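One structure below.
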Amino acid sequence: MSTEERCNFFDICGLPPEGPNPTCILHNSQNKSKWQEFNIIFQHLLKNGHSNFQKVYFPDSSTSFQNKTFIDDLDFTGATFEGELQLRNVTLKKGLKISSCQLSGILLLGVTVEGEVEIKQTRARHLQIVVREDSTFRGPLVIESTTAGNLSFSNSKFENQLIVKFKELSNIEIWAAEIHSLFDIQDCSIGQTLNLEKVIFGPKSEVNLCSSSIRVGILMGGKTNPGVLRIDGLKVNGFSKLASPMDSPFPMKIISEKKAPIFDWEKGVRFQNVDLSECLLLGNNFKNFQLNNVQWAWVGQPRPKFLGSRFGRSGLKDEKILREKKEKNMSLIRNLREAYEILKKEYEAKGNHLQSGLFHYGEMEMRRREYSFPKRYLGLEAFYWILSGYGIGWGRALLWIILIILIPAYIYYWDNLDNTYYDGWDWLRHSFQVTTFQKPNLPKGLEPSDCTKWTQTIQSVLGPFQIALFGLAVRTRIKR
Ligand SMILES: [Zn+2]
């Protein structure tokens, strides 16, 4: 066959051209009236295991592939469909390409794909994609469209990544689907509630909603949860529930590292059994949050294991970042303080005094940082911080009591070296008694010097004061 006797796309179809046209019956966009001829050739190619349908013009209002197995990539790159493309009970040993196509919708029903599925740059005014009836995707599924669309995934299994790249989705319905890897839907405006409550998530699954905006809410927390939920810069305008089931072996870790998500809904966002230790939240109204069993960030020094929780406390990821960057942004600090004030009251109302105390610490710490140099280290807050860790540092308060006993004991001893009545141990006991307000009597004949008298007076004021601070700190830890 000479080159003139071939269709322009001979390498795809292997057919001669139609009449004066340089295209064959499969590749001619004018073949609408010749659909019967088209079908004869089309079925013949299918029978021979042909799977390359690039640039083919499909004249039917619904093109359907049924009960077929394809060994090679099923490729529709550049094809045009008068209506929708339907694959029913089709097994693909390799991948599926539906790129640069013109069509109105794609239905994948009971389809099994071993390789990658690529649905890209389709020319459709409103692309509708439906996946149903135990479809299984062993390779990644990437759907990309510059126009708006509707997606529906039900009763299907995604063993690999499911990546959705749309600017706008009127609705995305995921009903009883299994997700075992990444479900990625970034930078997308979603018109309805994103309901993931019926999704079955595998232990290695992750949902990425960074920079998307959801006009209603997100619902998560059915029988399973993904391991990670990324929500950097997400905007949500409706009631949202971000939860893991109570018995989840891996509570959902919600991550937002660069830009806090915004939950713009007065009636609440529920965080339940989740880890917020890597989630920025500042910029939200914390009064809208319902919090149940939330894991917070660890703020302060890295925790040496054998010392327990001595050198740090739980707080907000935002404060952690602020400290790491040594940020002195007053607006940030004030916002943090307000957030801690609200969280403190919230946990107080729950009866969780310890966590409430830890948020109180955060609040006071931010208040102290609001002050500039001298007051920051010499103000009342600074003393409260140093002497008792803002009323919750019982260890610190105890350390001061010990110092208040030891230092004067040494002064007494040193100031009365020439007496024969008391030795060092006696002075230690004396110091202890003064601190604990027991008004000890000195032995007859021992006349205390001015220095000893003054030390006693100051100690008898500082001692009980520090003991009171210690008592308050202990009470905060264990009160009912
Ligand atoms: Zn052709």
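Every chain in the structure tokens has a letter given in the order shown (A, B, ...), and although residue numbers restart at 1 in each chain, ligands are simply numbered from 1 in the order shown.
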Go through segment 89-121 of chain A residue by residue and, counting only C-alpha atoms, keep those with an atom at most 10 Å from segment 50-60 of chain A; for each kept residue give the shortest atom pair and its distance in Å to one decimal, ordered by chain and increasing number, as a tab-separated table.
residue	atom	partner	partner_atom	distance
A:Leu96	CA	A:Ser51	CA	9.7
A:Lys97	CA	A:Gln54	CA	9.4
A:Ile98	CA	A:Gln54	CA	9.2
A:Ser99	CA	A:Gln54	CA	9.4
A:Ser100	CA	A:Lys55	CA	9.2
A:Cys101	CA	A:Lys55	CA	8.2
A:Gln102	CA	A:Tyr57	CA	9.6
A:Leu103	CA	A:Phe58	CA	9.7
Exercise answer, 9 Å around ligand 1 with only C-alpha atoms and all ligand atoms, as a PDB file with C-alpha atoms, in the first residue's frame:
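Final output, out10.pdb:
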ATOM      1  CA  ARG A   6      -3.243   5.015   3.735  1.00  0.00           C
ATOM      2  CA  CYS A   7      -5.265   6.826   6.353  1.00  0.00           C
ATOM      3  CA  ASN A   8      -3.384   9.736   7.885  1.00  0.00           C
ATOM      4  CA  PHE A   9      -3.286   7.697  11.102  1.00  0.00           C
ATOM      5  CA  PHE A  10      -2.404   4.407   9.406  1.00  0.00           C
ATOM      6  CA  ASP A  11      -0.029   3.409  12.200  1.00  0.00           C
ATOM      7  CA  ILE A  12      -3.014   3.444  14.555  1.00  0.00           C
ATOM      8  CA  CYS A  13      -5.747   1.822  12.460  1.00  0.00           C
ATOM      9  CA  GLY A  14      -3.931   0.224   9.491  1.00  0.00           C
ATOM     10  CA  LEU A  15      -6.817   1.217   7.200  1.00  0.00           C
ATOM     11  CA  PRO A  16      -7.123   2.820   3.758  1.00  0.00           C
ATOM     12  CA  PRO A  17      -8.664   6.318   3.510  1.00  0.00           C
ATOM     13  CA  PRO A  22      -7.044  11.326   3.846  1.00  0.00           C
ATOM     14  CA  THR A  23      -8.796   9.650   6.828  1.00  0.00           C
ATOM     15  CA  CYS A  24     -10.408   6.215   7.306  1.00  0.00           C
ATOM     16  CA  ILE A  25     -13.854   5.315   8.601  1.00  0.00           C
ATOM     17  CA  LEU A  26     -12.503   5.328  12.182  1.00  0.00           C
ATOM     18  CA  HIS A  27     -10.701   8.621  11.921  1.00  0.00           C
ATOM     19  CA  ASN A  28     -13.216  10.615   9.915  1.00  0.00           C
ATOM     20  CA  LYS A  55      -7.776  10.106  17.461  1.00  0.00           C
ATOM     21  CA  VAL A  56     -10.737   7.848  16.588  1.00  0.00           C
TER      22      VAL A  56
END
List as a ChimeraX atom specification the protein and nucleic acid residues near Asp450 of chain A, meaning an atom at most 12 Å away when only C-alpha atoms are counted, but skip any in the same chain fewer than 6 places from it.
/A:411-412,415-416,456-457
Once DSSP has gone over the backbone, tell me which residues of segment 209-407 of chain A are in alpha helix (DSSP H), as a PyMOL selection string.
chain A and resi 317-324+330-350+353-370+373-378+380-388+394-407
I'd like the interatomic distance between atom CA of Pro464 of chain A and atom CA of Gln433 of chain A, to a tenth of an Å.
10.9 Å
Just the residues within 6 Å of Arg138 of chain A, please, counting only C-alpha atoms, with nothing from its chain fewer than 5 positions along; format it as a PDB file with all heavy atoms, in the first residue's frame.
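Listed below is the output, out.pdb:
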ATOM      1  N   GLU A 114      -4.657  -2.834  36.031  1.00  0.00           N
ATOM      2  CA  GLU A 114      -3.395  -3.154  36.719  1.00  0.00           C
ATOM      3  C   GLU A 114      -2.431  -1.973  36.666  1.00  0.00           C
ATOM      4  O   GLU A 114      -1.642  -1.772  37.568  1.00  0.00           O
ATOM      5  CB  GLU A 114      -2.725  -4.367  36.064  1.00  0.00           C
ATOM      6  CG  GLU A 114      -3.585  -5.632  36.024  1.00  0.00           C
ATOM      7  CD  GLU A 114      -3.785  -6.257  37.398  1.00  0.00           C
ATOM      8  OE1 GLU A 114      -2.955  -5.997  38.289  1.00  0.00           O
ATOM      9  OE2 GLU A 114      -4.783  -6.987  37.577  1.00  0.00           O
ATOM     10  N   GLU A 159      -6.156   0.924  45.178  1.00  0.00           N
ATOM     11  CA  GLU A 159      -4.991   0.394  45.901  1.00  0.00           C
ATOM     12  C   GLU A 159      -3.796   1.321  45.780  1.00  0.00           C
ATOM     13  O   GLU A 159      -2.866   1.254  46.555  1.00  0.00           O
ATOM     14  CB  GLU A 159      -4.643  -1.000  45.366  1.00  0.00           C
ATOM     15  CG  GLU A 159      -5.734  -2.003  45.702  1.00  0.00           C
ATOM     16  CD  GLU A 159      -5.419  -3.393  45.192  1.00  0.00           C
ATOM     17  OE1 GLU A 159      -4.334  -3.615  44.644  1.00  0.00           O
ATOM     18  OE2 GLU A 159      -6.301  -4.259  45.358  1.00  0.00           O
ATOM     19  N   ASN A 160      -3.832   2.176  44.775  1.00  0.00           N
ATOM     20  CA  ASN A 160      -2.730   3.110  44.569  1.00  0.00           C
ATOM     21  C   ASN A 160      -3.274   4.538  44.679  1.00  0.00           C
ATOM     22  O   ASN A 160      -4.419   4.743  45.078  1.00  0.00           O
ATOM     23  CB  ASN A 160      -2.123   2.843  43.197  1.00  0.00           C
ATOM     24  CG  ASN A 160      -0.651   3.181  43.143  1.00  0.00           C
ATOM     25  OD1 ASN A 160      -0.255   4.275  43.505  1.00  0.00           O
ATOM     26  ND2 ASN A 160       0.150   2.242  42.689  1.00  0.00           N
TER      27      ASN A 160
END
Kindly indicate which residue among A:Ser244, A:Thr476, A:Ser211, A:Gln66 lies nearest to Gly393 of chain A, using only C-alpha atoms for the distances.
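Nearest candidate to Gly393 of chain A out of A:Ser244, A:Thr476, A:Ser211, A:Gln66: A:Thr476.
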As a PyMOL selection string, list the residues of segment 185-432 of chain A assigned to strand (DSSP E or B) by DSSP on the backbone atoms of this structure.
chain A and resi 189-190+194-195+200-201+206-208+213-214+218-219+228-230+235-236+240-243+253-256+262-263+269-279+282+284+289-295+297-300+312-315
Any idea what's packed within 8 Å of Leu336 of chain A, counting only C-alpha atoms, ignoring anything in its chain fewer than 4 positions away? Could you give it as a PyMOL selection string?
chain A and resi 282+318-319+332+340+363+366
So which residues touch Val269 of chain A within 9 Å, counting only C-alpha atoms, skipping near sequence neighbours fewer than 3 positions away, as a PDB file with N, CA, C and O atoms, in the first residue's frame?
ATOM      1  N   GLY A 238     -18.634  25.124  56.067  1.00  0.00           N
ATOM      2  CA  GLY A 238     -19.783  24.502  56.701  1.00  0.00           C
ATOM      3  C   GLY A 238     -19.375  23.636  57.875  1.00  0.00           C
ATOM      4  O   GLY A 238     -18.189  23.515  58.183  1.00  0.00           O
ATOM      5  N   PHE A 239     -20.352  23.018  58.515  1.00  0.00           N
ATOM      6  CA  PHE A 239     -20.056  22.167  59.662  1.00  0.00           C
ATOM      7  C   PHE A 239     -19.093  21.064  59.245  1.00  0.00           C
ATOM      8  O   PHE A 239     -19.292  20.403  58.234  1.00  0.00           O
ATOM      9  N   SER A 240     -18.059  20.876  60.034  1.00  0.00           N
ATOM     10  CA  SER A 240     -17.080  19.854  59.700  1.00  0.00           C
ATOM     11  C   SER A 240     -16.821  18.956  60.883  1.00  0.00           C
ATOM     12  O   SER A 240     -16.811  19.400  62.024  1.00  0.00           O
ATOM     13  N   LYS A 241     -16.591  17.700  60.566  1.00  0.00           N
ATOM     14  CA  LYS A 241     -16.228  16.750  61.608  1.00  0.00           C
ATOM     15  C   LYS A 241     -14.979  16.037  61.143  1.00  0.00           C
ATOM     16  O   LYS A 241     -14.985  15.375  60.110  1.00  0.00           O
ATOM     17  N   LEU A 242     -13.904  16.231  61.865  1.00  0.00           N
ATOM     18  CA  LEU A 242     -12.652  15.569  61.525  1.00  0.00           C
ATOM     19  C   LEU A 242     -12.353  14.631  62.681  1.00  0.00           C
ATOM     20  O   LEU A 242     -11.909  15.064  63.741  1.00  0.00           O
ATOM     21  N   PHE A 263     -11.602  27.398  59.218  1.00  0.00           N
ATOM     22  CA  PHE A 263     -12.942  26.821  59.353  1.00  0.00           C
ATOM     23  C   PHE A 263     -13.891  27.968  59.659  1.00  0.00           C
ATOM     24  O   PHE A 263     -13.946  28.462  60.774  1.00  0.00           O
ATOM     25  N   TRP A 265     -17.092  28.731  60.147  1.00  0.00           N
ATOM     26  CA  TRP A 265     -18.448  28.286  60.423  1.00  0.00           C
ATOM     27  C   TRP A 265     -18.704  28.402  61.914  1.00  0.00           C
ATOM     28  O   TRP A 265     -18.012  27.807  62.720  1.00  0.00           O
ATOM     29  N   GLU A 266     -19.732  29.195  62.241  1.00  0.00           N
ATOM     30  CA  GLU A 266     -19.953  29.492  63.654  1.00  0.00           C
ATOM     31  C   GLU A 266     -20.457  28.303  64.446  1.00  0.00           C
ATOM     32  O   GLU A 266     -20.262  28.208  65.638  1.00  0.00           O
ATOM     33  N   ASN A 288     -15.273  28.067  68.128  1.00  0.00           N
ATOM     34  CA  ASN A 288     -16.047  27.197  67.250  1.00  0.00           C
ATOM     35  C   ASN A 288     -15.617  25.740  67.327  1.00  0.00           C
ATOM     36  O   ASN A 288     -16.256  24.884  66.751  1.00  0.00           O
ATOM     37  N   PHE A 289     -14.523  25.485  68.020  1.00  0.00           N
ATOM     38  CA  PHE A 289     -13.988  24.121  68.039  1.00  0.00           C
ATOM     39  C   PHE A 289     -14.617  23.289  69.143  1.00  0.00           C
ATOM     40  O   PHE A 289     -14.673  23.704  70.288  1.00  0.00           O
ATOM     41  N   GLN A 290     -15.063  22.095  68.779  1.00  0.00           N
ATOM     42  CA  GLN A 290     -15.437  21.107  69.788  1.00  0.00           C
ATOM     43  C   GLN A 290     -14.297  20.115  69.839  1.00  0.00           C
ATOM     44  O   GLN A 290     -13.970  19.522  68.815  1.00  0.00           O
ATOM     45  N   LEU A 291     -13.714  19.962  71.010  1.00  0.00           N
ATOM     46  CA  LEU A 291     -12.500  19.150  71.093  1.00  0.00           C
ATOM     47  C   LEU A 291     -12.713  17.939  71.985  1.00  0.00           C
ATOM     48  O   LEU A 291     -13.104  18.078  73.135  1.00  0.00           O
TER      49      LEU A 291
END
Using only C-alpha atoms for the distances, tell me which of A:Lys444, A:Arg337, A:His180, A:Arg369 is nearest to Gly202 of chain A.
A:His180
Which residues come within 12 Å of Asn352 of chain A, counting only C-alpha atoms, excluding same-chain residues fewer than 3 positions away, as a PyMOL selection string?
chain A and resi 291-293+343-349+355-359+476-480
Best match for closeness to Leu472 of chain A among A:Val216, A:Leu46, A:Ile255, A:Leu398, counting only C-alpha atoms:
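Closest residue, counting only C-alpha atoms: A:Leu398.
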Give the answer as one residue: which of A:Arg88, A:Lys326, A:Arg429, A:Lys258 has the shortest atom-to-atom distance to Ser64 of chain A, using only C-alpha atoms?
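Among A:Arg88, A:Lys326, A:Arg429, A:Lys258, it is A:Arg88 that comes nearest to Ser64 of chain A.
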